[in-house]
>>> print(open('input_1.cif').read())   # mmCIF, C-alpha atoms and all ligand atoms
data_upload
#
loop_
_atom_site.label_atom_id
_atom_site.label_comp_id
_atom_site.auth_asym_id
_atom_site.auth_seq_id
_atom_site.Cartn_x
_atom_site.Cartn_y
_atom_site.Cartn_z
CA MET H 1098 136.05 108.89 79.77
CA ASP H 1099 135.31 111.12 82.73
CA SER H 1100 135.21 108.75 85.69
CA THR H 1101 133.57 111.35 87.97
CA HIS H 1102 130.47 111.50 85.79
CA PRO H 1103 127.55 109.77 87.58
CA PRO H 1104 126.60 106.51 85.89
CA SER H 1105 123.39 106.77 83.88
CA PRO H 1106 120.65 104.48 85.21
CA ARG H 1107 120.70 100.98 83.80
CA ILE H 1108 117.62 100.00 81.88
CA ASN H 1109 115.71 97.02 83.20
CA TRP H 1110 115.06 95.27 79.90
CA LEU H 1111 112.56 92.71 81.19
CA ASN H 1112 110.30 95.30 82.82
CA SER H 1113 110.71 97.76 79.95
CA SER H 1114 109.81 95.14 77.33
CA VAL H 1115 106.69 94.10 79.24
CA LEU H 1116 105.61 97.72 79.80
CA ILE H 1117 106.16 98.68 76.15
CA LEU H 1118 105.07 95.53 74.33
CA THR H 1119 101.84 94.75 76.19
CA PRO H 1120 100.14 98.09 75.32
CA ILE H 1121 101.29 97.76 71.69
CA ALA H 1122 99.97 94.19 71.48
CA THR H 1123 96.69 95.32 73.08
CA ALA H 1124 96.25 98.24 70.70
CA ILE H 1125 96.68 95.91 67.71
CA LEU H 1126 94.99 92.71 68.87
CA VAL H 1127 91.81 94.05 70.52
CA PRO H 1128 90.40 95.91 67.46
CA LEU H 1129 91.72 93.34 65.00
CA TYR H 1130 90.21 90.36 66.83
CA TRP H 1131 86.98 92.29 67.45
CA ILE H 1132 86.54 92.89 63.71
CA GLU H 1133 87.82 89.55 62.47
CA THR H 1134 86.40 87.11 65.04
CA GLY H 1135 84.44 89.01 67.69
CA PHE H 1136 84.19 88.60 71.44
CA ASN H 1137 81.34 86.67 73.07
CA TRP H 1138 79.49 87.66 76.27
CA MET H 1139 81.61 85.28 78.35
CA ASP H 1140 84.82 86.98 77.19
CA TRP H 1141 83.43 90.31 78.41
CA THR H 1142 82.24 88.82 81.70
CA PHE H 1143 85.67 87.35 82.41
CA PHE H 1144 87.21 90.69 81.48
CA GLY H 1145 85.02 92.42 84.11
CA ILE H 1146 85.78 89.82 86.78
CA PHE H 1147 89.53 89.93 86.12
CA MET H 1148 89.51 93.75 86.18
CA VAL H 1149 87.85 93.90 89.57
CA PHE H 1150 89.65 90.98 91.23
CA ALA H 1151 93.16 91.91 90.06
CA GLY H 1152 92.49 95.55 90.97
CA LEU H 1153 91.35 94.58 94.45
CA GLY H 1154 94.33 92.25 94.81
CA ILE H 1155 96.48 95.38 94.64
CA THR H 1156 94.34 97.91 96.52
CA GLY H 1157 92.73 95.69 99.16
CA GLY H 1158 95.61 93.21 99.42
CA TYR H 1159 99.03 94.59 98.49
CA HIS H 1160 98.25 98.12 99.59
CA ARG H 1161 95.87 98.32 102.54
CA LEU H 1162 96.30 94.84 104.03
CA TRP H 1163 100.00 94.12 103.61
CA SER H 1164 101.77 97.47 103.11
CA HIS H 1165 99.76 99.37 105.72
CA LYS H 1166 98.32 96.63 107.93
CA ALA H 1167 95.10 98.67 107.99
CA TYR H 1168 93.13 95.50 108.87
CA ASP H 1169 93.56 91.77 109.46
CA ALA H 1170 92.32 89.15 107.04
CA HIS H 1171 91.39 85.47 107.06
CA PRO H 1172 93.91 83.24 105.23
CA LEU H 1173 91.31 82.68 102.50
CA VAL H 1174 91.18 86.41 101.79
CA LYS H 1175 94.98 86.56 101.85
CA MET H 1176 95.24 83.69 99.36
CA PHE H 1177 92.67 85.33 97.11
CA TYR H 1178 94.52 88.66 97.14
CA ALA H 1179 97.92 86.99 96.71
CA TYR H 1180 96.62 85.15 93.61
CA TRP H 1181 94.96 88.18 92.00
CA GLY H 1182 97.75 90.54 93.01
CA ALA H 1183 100.20 88.33 91.12
CA CYS H 1184 97.80 88.45 88.15
CA ALA H 1185 98.11 92.27 88.19
CA GLY H 1186 101.83 91.81 87.45
CA GLN H 1187 103.25 94.51 89.70
CA ASN H 1188 105.91 92.49 91.52
CA SER H 1189 105.46 90.23 94.56
CA ILE H 1190 103.68 91.42 97.72
CA LEU H 1191 107.01 91.60 99.56
CA LYS H 1192 108.80 93.79 97.01
CA TRP H 1193 105.75 95.97 96.30
CA SER H 1194 105.24 96.62 100.01
CA ALA H 1195 108.91 97.44 100.63
CA ASP H 1196 108.83 100.03 97.81
CA HIS H 1197 105.52 101.40 99.07
CA ARG H 1198 106.65 101.76 102.67
CA TYR H 1199 109.69 103.74 101.46
CA HIS H 1200 107.34 105.87 99.36
CA HIS H 1201 105.39 106.85 102.49
CA LYS H 1202 108.38 107.25 104.75
CA TYR H 1203 110.43 109.38 102.36
CA VAL H 1204 107.69 110.79 100.12
CA ASP H 1205 109.04 113.24 97.47
CA ASP H 1206 112.67 112.53 98.42
CA ASN H 1207 114.34 111.91 95.06
CA GLU H 1208 116.94 109.59 96.55
CA LYS H 1209 114.87 107.52 98.95
CA ASP H 1210 111.28 107.55 97.63
CA PRO H 1211 111.37 104.90 94.87
CA TYR H 1212 108.73 106.71 92.81
CA SER H 1213 109.18 110.28 93.95
CA ALA H 1214 106.77 112.60 92.10
CA LYS H 1215 109.45 115.28 92.32
CA ARG H 1216 111.31 113.36 89.60
CA GLY H 1217 108.46 114.12 87.22
CA PHE H 1218 105.15 112.65 86.12
CA TRP H 1219 106.54 109.95 83.84
CA TYR H 1220 109.23 108.83 86.20
CA SER H 1221 106.71 108.31 89.02
CA HIS H 1222 104.21 106.72 86.62
CA ILE H 1223 106.36 104.19 84.80
CA GLY H 1224 109.99 105.35 84.50
CA TRP H 1225 111.04 104.05 87.90
CA ILE H 1226 110.02 100.50 86.91
CA MET H 1227 111.97 100.64 83.66
CA VAL H 1228 115.34 101.31 85.29
CA ASP H 1229 117.33 99.26 87.76
CA ASN H 1230 117.37 100.99 91.10
CA PRO H 1231 120.23 99.68 93.20
CA LYS H 1232 118.78 98.21 96.38
CA GLY H 1233 121.03 98.10 99.40
CA GLU H 1234 121.51 94.92 101.42
CA ASN H 1235 119.07 96.18 104.01
CA TYR H 1236 116.37 97.18 101.57
CA PHE H 1237 113.90 94.62 102.87
CA ASP H 1238 114.38 95.50 106.51
CA ASN H 1239 111.13 97.45 106.41
CA VAL H 1240 109.06 94.35 105.60
CA LYS H 1241 110.39 91.97 108.25
CA ASP H 1242 106.85 91.56 109.56
CA LEU H 1243 105.72 90.37 106.13
CA GLN H 1244 108.59 87.90 105.92
CA LYS H 1245 106.84 85.99 108.70
CA ASP H 1246 103.68 85.67 106.60
CA LYS H 1247 103.77 82.27 104.84
CA ILE H 1248 101.40 83.35 102.09
CA VAL H 1249 103.57 86.40 101.32
CA MET H 1250 106.75 84.31 101.15
CA LEU H 1251 105.18 81.58 99.05
CA GLN H 1252 103.87 84.15 96.59
CA ASP H 1253 107.32 85.76 96.44
CA LYS H 1254 108.95 82.41 95.69
CA TYR H 1255 106.56 81.39 92.92
CA TYR H 1256 105.78 84.90 91.70
CA LEU H 1257 106.97 84.50 88.10
CA PHE H 1258 105.17 81.21 87.69
CA MET H 1259 101.99 82.78 89.11
CA VAL H 1260 102.19 85.72 86.71
CA LEU H 1261 102.43 83.37 83.74
CA PHE H 1262 99.79 80.98 85.04
CA THR H 1263 97.22 83.69 85.89
CA ASN H 1264 97.80 85.76 82.75
CA PHE H 1265 98.25 83.05 80.11
CA ALA H 1266 97.08 79.61 81.21
CA VAL H 1267 93.90 80.62 83.05
CA PRO H 1268 92.54 83.18 80.53
CA PHE H 1269 93.35 80.85 77.65
CA GLY H 1270 91.59 77.93 79.38
CA LEU H 1271 88.55 80.09 80.13
CA GLY H 1272 88.52 81.38 76.55
CA PHE H 1273 88.54 77.83 75.24
CA ALA H 1274 85.56 77.04 77.50
CA SER H 1275 83.67 80.21 76.54
CA TYR H 1276 84.07 79.40 72.83
CA ALA H 1277 82.95 75.80 73.40
CA ILE H 1278 79.89 76.87 75.45
CA THR H 1279 78.66 79.85 73.42
CA GLY H 1280 79.79 78.70 70.00
CA THR H 1281 80.56 82.34 69.16
CA GLY H 1282 83.77 84.36 69.12
CA GLY H 1283 86.98 82.37 69.22
CA ILE H 1284 89.34 80.59 71.60
CA TRP H 1285 91.62 83.65 72.02
CA GLY H 1286 88.87 86.11 73.01
CA THR H 1287 89.14 85.81 76.79
CA PHE H 1288 92.93 85.86 76.66
CA ILE H 1289 92.93 89.10 74.64
CA LEU H 1290 90.38 90.86 76.88
CA ALA H 1291 90.83 89.41 80.38
CA GLY H 1292 94.51 88.61 79.93
CA LEU H 1293 96.07 91.31 77.80
CA LEU H 1294 93.77 94.36 77.84
CA ARG H 1295 93.04 93.96 81.57
CA PHE H 1296 96.76 93.56 82.36
CA VAL H 1297 97.56 96.90 80.69
CA LEU H 1298 94.60 98.71 82.29
CA ASN H 1299 95.40 97.33 85.77
CA HIS H 1300 98.97 98.50 85.39
CA HIS H 1301 98.18 102.07 84.45
CA PHE H 1302 95.30 102.46 86.91
CA THR H 1303 97.73 101.62 89.72
CA PHE H 1304 100.49 103.76 88.19
CA PHE H 1305 98.11 106.74 88.24
CA ILE H 1306 98.15 106.62 92.03
CA ASN H 1307 101.90 107.19 92.07
CA SER H 1308 101.83 109.80 89.31
CA ALA H 1309 98.52 111.64 88.78
CA CYS H 1310 97.50 111.45 92.46
CA HIS H 1311 100.67 113.43 93.24
CA PHE H 1312 99.99 116.07 90.55
CA PHE H 1313 96.26 116.75 90.11
CA GLY H 1314 93.67 117.40 92.78
CA SER H 1315 93.10 119.09 96.11
CA GLN H 1316 94.96 118.99 99.40
CA PRO H 1317 92.32 119.25 102.16
CA TYR H 1318 94.43 117.56 104.83
CA SER H 1319 98.05 118.53 104.33
CA ASN H 1320 100.49 120.14 101.93
CA LYS H 1321 103.54 118.59 103.55
CA ASP H 1322 103.92 116.38 100.47
CA THR H 1323 102.67 116.34 96.87
CA SER H 1324 99.80 113.85 97.43
CA ARG H 1325 96.34 114.92 96.28
CA ASP H 1326 92.69 113.93 96.58
CA ASN H 1327 91.07 113.35 93.21
CA PHE H 1328 87.54 112.03 92.78
CA ILE H 1329 87.94 111.24 89.07
CA LEU H 1330 91.05 109.17 89.76
CA ALA H 1331 89.23 107.34 92.56
CA LEU H 1332 86.85 106.01 89.89
CA VAL H 1333 89.61 104.10 88.10
CA THR H 1334 91.75 103.25 91.13
CA TYR H 1335 89.14 101.34 93.16
CA GLY H 1336 88.93 104.23 95.62
CA GLU H 1337 92.62 105.03 95.99
CA GLY H 1338 92.21 108.52 94.48
CA TYR H 1339 91.75 110.11 97.90
CA HIS H 1340 95.49 110.10 98.18
CA ASN H 1341 95.99 113.25 100.28
CA PHE H 1342 93.86 111.70 103.01
CA HIS H 1343 95.78 108.45 102.63
CA HIS H 1344 99.19 110.10 102.99
CA THR H 1345 97.94 111.99 106.05
CA PHE H 1346 96.31 108.99 107.73
CA GLN H 1347 97.98 105.99 106.13
CA ALA H 1348 96.87 103.39 108.67
CA ASP H 1349 93.16 103.99 107.98
CA TYR H 1350 91.52 101.15 106.04
CA ARG H 1351 89.49 103.77 104.17
CA ASN H 1352 90.80 106.19 101.57
CA GLY H 1353 87.47 107.85 100.80
CA ILE H 1354 86.06 108.61 104.24
CA ARG H 1355 82.55 109.86 103.43
CA TRP H 1356 79.79 107.41 102.56
CA TYR H 1357 79.44 109.04 99.14
CA HIS H 1358 83.16 108.80 98.37
CA PHE H 1359 83.73 106.18 95.69
CA ASP H 1360 85.91 103.67 97.52
CA PRO H 1361 84.98 100.09 96.54
CA THR H 1362 88.06 98.75 98.34
CA LYS H 1363 86.66 100.14 101.59
CA TRP H 1364 83.20 98.67 100.88
CA VAL H 1365 84.62 95.23 100.13
CA THR H 1366 86.83 95.28 103.26
CA LYS H 1367 83.90 96.35 105.42
CA GLY H 1368 81.57 93.86 103.71
CA LEU H 1369 84.00 91.01 104.38
CA SER H 1370 84.11 91.98 108.07
CA TYR H 1371 80.39 91.11 108.37
CA LEU H 1372 81.30 87.61 107.19
CA GLY H 1373 84.15 87.38 109.70
CA LEU H 1374 86.72 87.35 106.90
CA THR H 1375 88.35 90.67 107.82
CA SER H 1376 88.78 92.18 111.27
CA ASN H 1377 90.42 94.96 113.27
CA LEU H 1378 89.62 97.56 110.61
CA LYS H 1379 91.64 100.63 111.61
CA LYS H 1380 89.91 103.97 111.46
CA VAL H 1381 91.01 107.46 112.44
CA SER H 1382 88.38 109.23 114.55
CA ASP H 1383 86.20 111.90 112.94
CA ASN H 1384 87.51 114.41 115.48
CA MET H 1385 91.07 113.78 114.48
CA ILE H 1386 90.14 114.30 110.82
CA GLN H 1387 88.20 117.51 111.55
CA LYS H 1388 91.10 118.79 113.63
CA GLN H 1389 93.53 118.12 110.79
CA ILE H 1390 91.30 119.92 108.27
CA MET H 1391 91.00 123.03 110.49
CA LEU H 1392 94.68 123.02 111.34
CA HIS H 1393 95.68 122.66 107.72
CA SER H 1394 93.38 125.46 106.52
CA VAL H 1395 94.88 127.87 109.09
CA ASN H 1396 98.44 126.67 108.45
CA LYS H 1397 98.09 127.47 104.77
CA VAL H 1398 97.06 131.09 105.43
CA LYS H 1399 99.74 131.45 108.11
CA GLU H 1400 102.47 130.17 105.79
CA SER H 1401 101.52 132.51 102.96
CA PHE H 1402 101.20 135.47 105.36
CA LEU H 1403 104.66 134.91 106.80
CA LYS H 1404 106.11 134.40 103.35
CA LYS H 1405 104.55 137.60 102.03
CA ASN H 1406 105.47 139.74 105.02
CA GLY H 1407 109.04 138.70 105.47
CA ASP H 1408 110.77 137.65 108.60
CA SER H 1409 109.93 140.34 111.12
CA SER H 1410 110.47 138.79 114.51
CA GLN H 1411 107.95 141.13 116.15
CA LEU H 1412 105.32 140.09 113.64
CA SER H 1413 106.15 136.39 113.89
CA GLN H 1414 105.85 136.56 117.66
CA LYS H 1415 102.35 137.99 117.41
CA VAL H 1416 101.35 135.36 114.84
CA GLU H 1417 102.76 132.58 116.99
CA ALA H 1418 100.95 133.87 120.08
CA LEU H 1419 97.58 133.95 118.31
CA TYR H 1420 98.32 130.65 116.62
CA SER H 1421 99.07 128.91 119.90
CA GLU H 1422 95.76 130.21 121.34
CA PHE H 1423 94.04 128.68 118.31
CA LEU H 1424 95.93 125.40 118.84
CA ASP H 1425 94.98 125.33 122.53
CA SER H 1426 91.31 125.74 121.70
CA LEU H 1427 91.57 122.96 119.11
CA ASN H 1428 93.24 120.62 121.60
CA ALA H 1429 90.72 121.40 124.34
CA TRP H 1430 87.84 120.51 121.99
CA MET H 1431 89.63 117.37 120.86
CA GLU H 1432 90.29 116.20 124.40
CA THR H 1433 86.74 116.79 125.61
CA SER H 1434 85.26 115.07 122.54
CA GLN H 1435 87.53 112.06 123.05
CA ASN H 1436 86.61 111.87 126.74
CA TYR H 1437 82.95 111.99 125.81
CA PHE H 1438 83.23 109.13 123.31
CA ARG H 1439 85.36 107.11 125.70
CA SER H 1440 82.81 107.57 128.49
CA LEU H 1441 80.00 106.64 126.16
CA LYS H 1442 81.80 103.41 125.33
CA ASN H 1443 82.95 102.45 128.80
CA LYS H 1444 80.13 103.44 131.08
CA LYS H 1445 76.61 104.57 130.97
CA LEU H 1446 76.27 108.32 131.08
CA SER H 1447 73.07 109.77 132.43
CA ASP H 1448 71.02 111.94 130.08
CA SER H 1449 72.02 115.09 131.89
CA GLU H 1450 75.72 114.16 131.78
CA LYS H 1451 75.40 113.57 128.06
CA GLU H 1452 73.71 116.93 127.67
CA ASP H 1453 76.51 118.60 129.67
CA TYR H 1454 79.17 117.06 127.47
CA ARG H 1455 77.36 118.05 124.30
CA SER H 1456 76.94 121.68 125.28
CA LYS H 1457 80.57 121.84 126.44
CA ILE H 1458 81.71 120.47 123.10
CA GLU H 1459 79.50 123.01 121.29
CA ASP H 1460 81.06 125.85 123.33
CA LEU H 1461 84.56 124.60 122.61
CA LYS H 1462 83.72 124.47 118.91
CA LYS H 1463 82.56 128.08 119.04
CA ALA H 1464 85.80 129.00 120.83
CA ILE H 1465 87.83 127.43 117.99
CA GLU H 1466 85.86 129.43 115.43
CA ALA H 1467 86.45 132.63 117.45
CA LYS H 1468 90.19 132.02 117.71
CA LYS H 1469 90.33 131.13 114.05
CA SER H 1470 88.61 134.33 112.92
CA GLN H 1471 90.79 136.35 115.29
CA LEU H 1472 93.84 134.88 113.60
CA LEU H 1473 92.45 135.32 110.08
CA ASP H 1474 91.44 138.93 110.85
CA PHE H 1475 94.97 139.55 112.01
CA PHE H 1476 96.34 138.13 108.75
CA ASN H 1477 93.93 140.18 106.64
CA ASN H 1478 94.24 143.49 108.43
CA THR H 1479 97.84 143.62 109.53
CA ASN H 1480 100.07 146.05 107.84
CA PRO H 1481 103.55 144.68 108.58
CA ALA H 1482 105.04 148.16 108.56
CA LEU H 1483 102.90 149.14 111.55
CA ALA H 1484 103.07 145.90 113.47
ZN ZN C 1 99.88 103.75 100.85
ZN ZN C 2 101.67 108.48 97.23
#
>>> encode(input="input_1.cif", output="structure tokens", more="lines below")
Ligand SMILES: [Zn+2]
Ligand SMILES: [Zn+2]
Amino acid sequence: MDSTHPPSPRINWLNSSVLILTPIATAILVPLYWIETGFNWMDWTFFGIFMVFAGLGITGGYHRLWSHKAYDAHPLVKMFYAYWGACAGQNSILKWSADHRYHHKYVDDNEKDPYSAKRGFWYSHIGWIMVDNPKGENYFDNVKDLQKDKIVMLQDKYYLFMVLFTNFAVPFGLGFASYAITGTGGIWGTFILAGLLRFVLNHHFTFFINSACHFFGSQPYSNKDTSRDNFILALVTYGEGYHNFHHTFQADYRNGIRWYHFDPTKWVTKGLSYLGLTSNLKKVSDNMIQKQIMLHSVNKVKESFLKKNGDSSQLSQKVEALYSEFLDSLNAWMETSQNYFRSLKNKKLSDSEKEDYRSKIEDLKKAIEAKKSQLLDFFNNTNPALA
């Protein structure tokens, strides 16, 4: 045997069995039970509740609260998310967050990003969970802050028990009750819908964020990595489909930033803040976002221009000179806008001062547009041979 040949990845049989057998069992049991016995209205209600709560456990808890620290939460909220996150069956908070922080830090790096989209759709969707990825001794160094969180550590310790309890014991108990109360359906109904079917759907909805959200959609904020914004995917990922925004501004508690963006995780987090159950919701300023959008749109044209026209140093110098004028105008606008908002917060501005600020900001905005069109005109009209 050739000892220099790299070892093929070892299959993780426990994970693989769960990921293969649960969809098969669902595909057989749901239609069969529906025809033979039927589900009652309580089975469907529990299915809905489990879908939403386990989904939020991952998006609101595992992802935005623990992995990104995008807000603080009351211990009751933490306990709720730790319980329902375990029910989603995607590993403990600690392990999930460690993987996720590496995903952000080394996104698209096939060695260091645990679910790098560059390794293909299926690998990033499910393949990475089905193989054993050797974790170095220091793997959990990036979640030292979470190791101080008692709820996180307790959930990690009893994770397997919690998965079994939340996915078997609770749905079965509720199903027993729903059959006894309604007198319709059967004792297994809730388990099949809220336990099994929901488990499979929760899995793949989350997996879509690692796979589909790195393959399909637009990139309004950055093309530095493969992440994409996708409205359709936001519908099944509790708002996580705005993944290009998220990779660009990962500390923001929102993923969909407009009021009309479908981001239930954001609504719940904000809603809980009115009850005092969440606090310190982190938000990137609108100016910062607008700046990033403008910068990115110009960067894209600049990149393709330089690629198309080769590496003429004379040409690149001209591009860089115009580009830095554009950057200066962008920064001047940004700085003045920030000063204005800071002054509004800290002290009372007179009406005329406010008016001054506003017209200055308007002028600076016009200057950005002028510099931008100057740059774009240059890109459109330059013949590299004559430059
Ligand atoms: Zn993230
Ligand atoms: Zn991602």
>>> closest_atom_pairs(input="input_1.cif", of="chain H", to="ligand ZN 1 (chain C)", cutoff="12 Å", atoms="only C-alpha atoms and all ligand atoms", output="tab-separated table")
residue	atom	partner	partner_atom	distance
H:Ile1155	CA	C:ZN1	ZN	11.0
H:Thr1156	CA	C:ZN1	ZN	9.1
H:Gly1157	CA	C:ZN1	ZN	10.9
H:Gly1158	CA	C:ZN1	ZN	11.5
H:Tyr1159	CA	C:ZN1	ZN	9.5
H:His1160	CA	C:ZN1	ZN	6.0
H:Arg1161	CA	C:ZN1	ZN	7.0
H:Leu1162	CA	C:ZN1	ZN	10.1
H:Trp1163	CA	C:ZN1	ZN	10.0
H:Ser1164	CA	C:ZN1	ZN	6.9
H:His1165	CA	C:ZN1	ZN	6.6
H:Lys1166	CA	C:ZN1	ZN	10.2
H:Ala1167	CA	C:ZN1	ZN	10.0
H:Trp1193	CA	C:ZN1	ZN	10.8
H:Ser1194	CA	C:ZN1	ZN	9.0
H:Ala1195	CA	C:ZN1	ZN	11.0
H:Asp1196	CA	C:ZN1	ZN	10.2
H:His1197	CA	C:ZN1	ZN	6.4
H:Arg1198	CA	C:ZN1	ZN	7.3
H:Tyr1199	CA	C:ZN1	ZN	9.8
H:His1200	CA	C:ZN1	ZN	7.9
H:His1201	CA	C:ZN1	ZN	6.5
H:Lys1202	CA	C:ZN1	ZN	10.0
H:Val1204	CA	C:ZN1	ZN	10.5
H:Thr1303	CA	C:ZN1	ZN	11.5
H:Ile1306	CA	C:ZN1	ZN	9.4
H:Asn1307	CA	C:ZN1	ZN	9.6
H:Cys1310	CA	C:ZN1	ZN	11.6
H:Ser1324	CA	C:ZN1	ZN	10.7
H:Glu1337	CA	C:ZN1	ZN	8.8
H:Gly1338	CA	C:ZN1	ZN	11.1
H:Tyr1339	CA	C:ZN1	ZN	10.7
H:His1340	CA	C:ZN1	ZN	8.2
H:Asn1341	CA	C:ZN1	ZN	10.3
H:Phe1342	CA	C:ZN1	ZN	10.2
H:His1343	CA	C:ZN1	ZN	6.5
H:His1344	CA	C:ZN1	ZN	6.7
H:Thr1345	CA	C:ZN1	ZN	9.9
H:Phe1346	CA	C:ZN1	ZN	9.4
H:Gln1347	CA	C:ZN1	ZN	6.0
H:Ala1348	CA	C:ZN1	ZN	8.4
H:Asp1349	CA	C:ZN1	ZN	9.8
H:Tyr1350	CA	C:ZN1	ZN	10.2
H:Arg1351	CA	C:ZN1	ZN	10.9
H:Asn1352	CA	C:ZN1	ZN	9.4
>>> write_last_selection(input="input_1.cif", atoms="C-alpha atoms", output="PDB file, in the frame of the given file")
ATOM      1  CA  ILE H1155      96.480  95.380  94.640  1.00  0.00           C
ATOM      2  CA  THR H1156      94.340  97.910  96.520  1.00  0.00           C
ATOM      3  CA  GLY H1157      92.730  95.690  99.160  1.00  0.00           C
ATOM      4  CA  GLY H1158      95.610  93.210  99.420  1.00  0.00           C
ATOM      5  CA  TYR H1159      99.030  94.590  98.490  1.00  0.00           C
ATOM      6  CA  HIS H1160      98.250  98.120  99.590  1.00  0.00           C
ATOM      7  CA  ARG H1161      95.870  98.320 102.540  1.00  0.00           C
ATOM      8  CA  LEU H1162      96.300  94.840 104.030  1.00  0.00           C
ATOM      9  CA  TRP H1163     100.000  94.120 103.610  1.00  0.00           C
ATOM     10  CA  SER H1164     101.770  97.470 103.110  1.00  0.00           C
ATOM     11  CA  HIS H1165      99.760  99.370 105.720  1.00  0.00           C
ATOM     12  CA  LYS H1166      98.320  96.630 107.930  1.00  0.00           C
ATOM     13  CA  ALA H1167      95.100  98.670 107.990  1.00  0.00           C
ATOM     14  CA  TRP H1193     105.750  95.970  96.300  1.00  0.00           C
ATOM     15  CA  SER H1194     105.240  96.620 100.010  1.00  0.00           C
ATOM     16  CA  ALA H1195     108.910  97.440 100.630  1.00  0.00           C
ATOM     17  CA  ASP H1196     108.830 100.030  97.810  1.00  0.00           C
ATOM     18  CA  HIS H1197     105.520 101.400  99.070  1.00  0.00           C
ATOM     19  CA  ARG H1198     106.650 101.760 102.670  1.00  0.00           C
ATOM     20  CA  TYR H1199     109.690 103.740 101.460  1.00  0.00           C
ATOM     21  CA  HIS H1200     107.340 105.870  99.360  1.00  0.00           C
ATOM     22  CA  HIS H1201     105.390 106.850 102.490  1.00  0.00           C
ATOM     23  CA  LYS H1202     108.380 107.250 104.750  1.00  0.00           C
ATOM     24  CA  VAL H1204     107.690 110.790 100.120  1.00  0.00           C
ATOM     25  CA  THR H1303      97.730 101.620  89.720  1.00  0.00           C
ATOM     26  CA  ILE H1306      98.150 106.620  92.030  1.00  0.00           C
ATOM     27  CA  ASN H1307     101.900 107.190  92.070  1.00  0.00           C
ATOM     28  CA  CYS H1310      97.500 111.450  92.460  1.00  0.00           C
ATOM     29  CA  SER H1324      99.800 113.850  97.430  1.00  0.00           C
ATOM     30  CA  GLU H1337      92.620 105.030  95.990  1.00  0.00           C
ATOM     31  CA  GLY H1338      92.210 108.520  94.480  1.00  0.00           C
ATOM     32  CA  TYR H1339      91.750 110.110  97.900  1.00  0.00           C
ATOM     33  CA  HIS H1340      95.490 110.100  98.180  1.00  0.00           C
ATOM     34  CA  ASN H1341      95.990 113.250 100.280  1.00  0.00           C
ATOM     35  CA  PHE H1342      93.860 111.700 103.010  1.00  0.00           C
ATOM     36  CA  HIS H1343      95.780 108.450 102.630  1.00  0.00           C
ATOM     37  CA  HIS H1344      99.190 110.100 102.990  1.00  0.00           C
ATOM     38  CA  THR H1345      97.940 111.990 106.050  1.00  0.00           C
ATOM     39  CA  PHE H1346      96.310 108.990 107.730  1.00  0.00           C
ATOM     40  CA  GLN H1347      97.980 105.990 106.130  1.00  0.00           C
ATOM     41  CA  ALA H1348      96.870 103.390 108.670  1.00  0.00           C
ATOM     42  CA  ASP H1349      93.160 103.990 107.980  1.00  0.00           C
ATOM     43  CA  TYR H1350      91.520 101.150 106.040  1.00  0.00           C
ATOM     44  CA  ARG H1351      89.490 103.770 104.170  1.00  0.00           C
ATOM     45  CA  ASN H1352      90.800 106.190 101.570  1.00  0.00           C
TER      46      ASN H1352
END
>>> closest_residue(input="input_1.cif", among="H:Leu1424, H:Ala1185, H:Ile1223, H:Ala1277", to="Asn1299 of chain H", atoms="all atoms listed in the file")
H:Ala1185
>>> closest_residue(input="input_1.cif", among="H:His1301, H:Asp1322, H:Glu1208, H:Gln1187", to="ligand ZN 2 (chain C)", atoms="all atoms listed in the file")
H:Asp1322
>>> closest_residue(input="input_1.cif", among="H:Ser1308, H:Gln1414, H:Asn1230, H:Thr1281", to="ligand ZN 2 (chain C)", atoms="all atoms listed in the file")
H:Ser1308
>>> residues_around(input="input_1.cif", residues="Asp1205 of chain H", least_positions_apart="2", cutoff="8 Å", atoms="all atoms listed in the file", output="list in words")
His1200, Tyr1203, Asn1207, Asp1210, Ser1213, Ala1214, Lys1215, Asp1322 and Thr1323 of chain H
>>> write_last_selection(input="input_1.cif", atoms="C-alpha atoms", output="CSV table (one decimal), in the frame of the given file")
chain,number,residue,atom,x,y,z
H,1200,HIS,CA,107.3,105.9,99.4
H,1203,TYR,CA,110.4,109.4,102.4
H,1207,ASN,CA,114.3,111.9,95.1
H,1210,ASP,CA,111.3,107.6,97.6
H,1213,SER,CA,109.2,110.3,94.0
H,1214,ALA,CA,106.8,112.6,92.1
H,1215,LYS,CA,109.4,115.3,92.3
H,1322,ASP,CA,103.9,116.4,100.5
H,1323,THR,CA,102.7,116.3,96.9
>>> axis_aligned_box(input="input_1.cif", around="segment 1393-1411 of chain H", padding_each_side="6 Å", output="lines of an AutoDock Vina configuration file")
center_x = 102.1
center_y = 131.9
center_z = 109.1
size_x = 29.4
size_y = 30.5
size_z = 26.1
>>> atom_distance(input="input_1.cif", atom1="atom CA of Phe1438 of chain H", atom2="atom CA of Ile1458 of chain H")
11.4 Å
>>> atom_distance(input="input_1.cif", atom1="atom CA of Phe1265 of chain H", atom2="atom CA of Thr1134 of chain H")
19.6 Å
>>> atom_distance(input="input_1.cif", atom1="atom CA of Tyr1220 of chain H", atom2="atom CA of Pro1128 of chain H")
29.5 Å
>>> residues_near_point(input="input_1.cif", point="(119.7, 97.5, 96.2)", cutoff="12 Å", atoms="all atoms listed in the file", output="ChimeraX atom specification")
/H:1192,1195-1196,1209,1211,1229-1238
>>> residues_around(input="input_1.cif", residues="Val1127 of chain H", least_positions_apart="5", cutoff="10 Å", atoms="only C-alpha atoms", output="list in words")
Ala1122, Ile1132, Gly1135, Phe1136, Gly1286, Ile1289, Leu1290, Leu1293 and Leu1294 of chain H
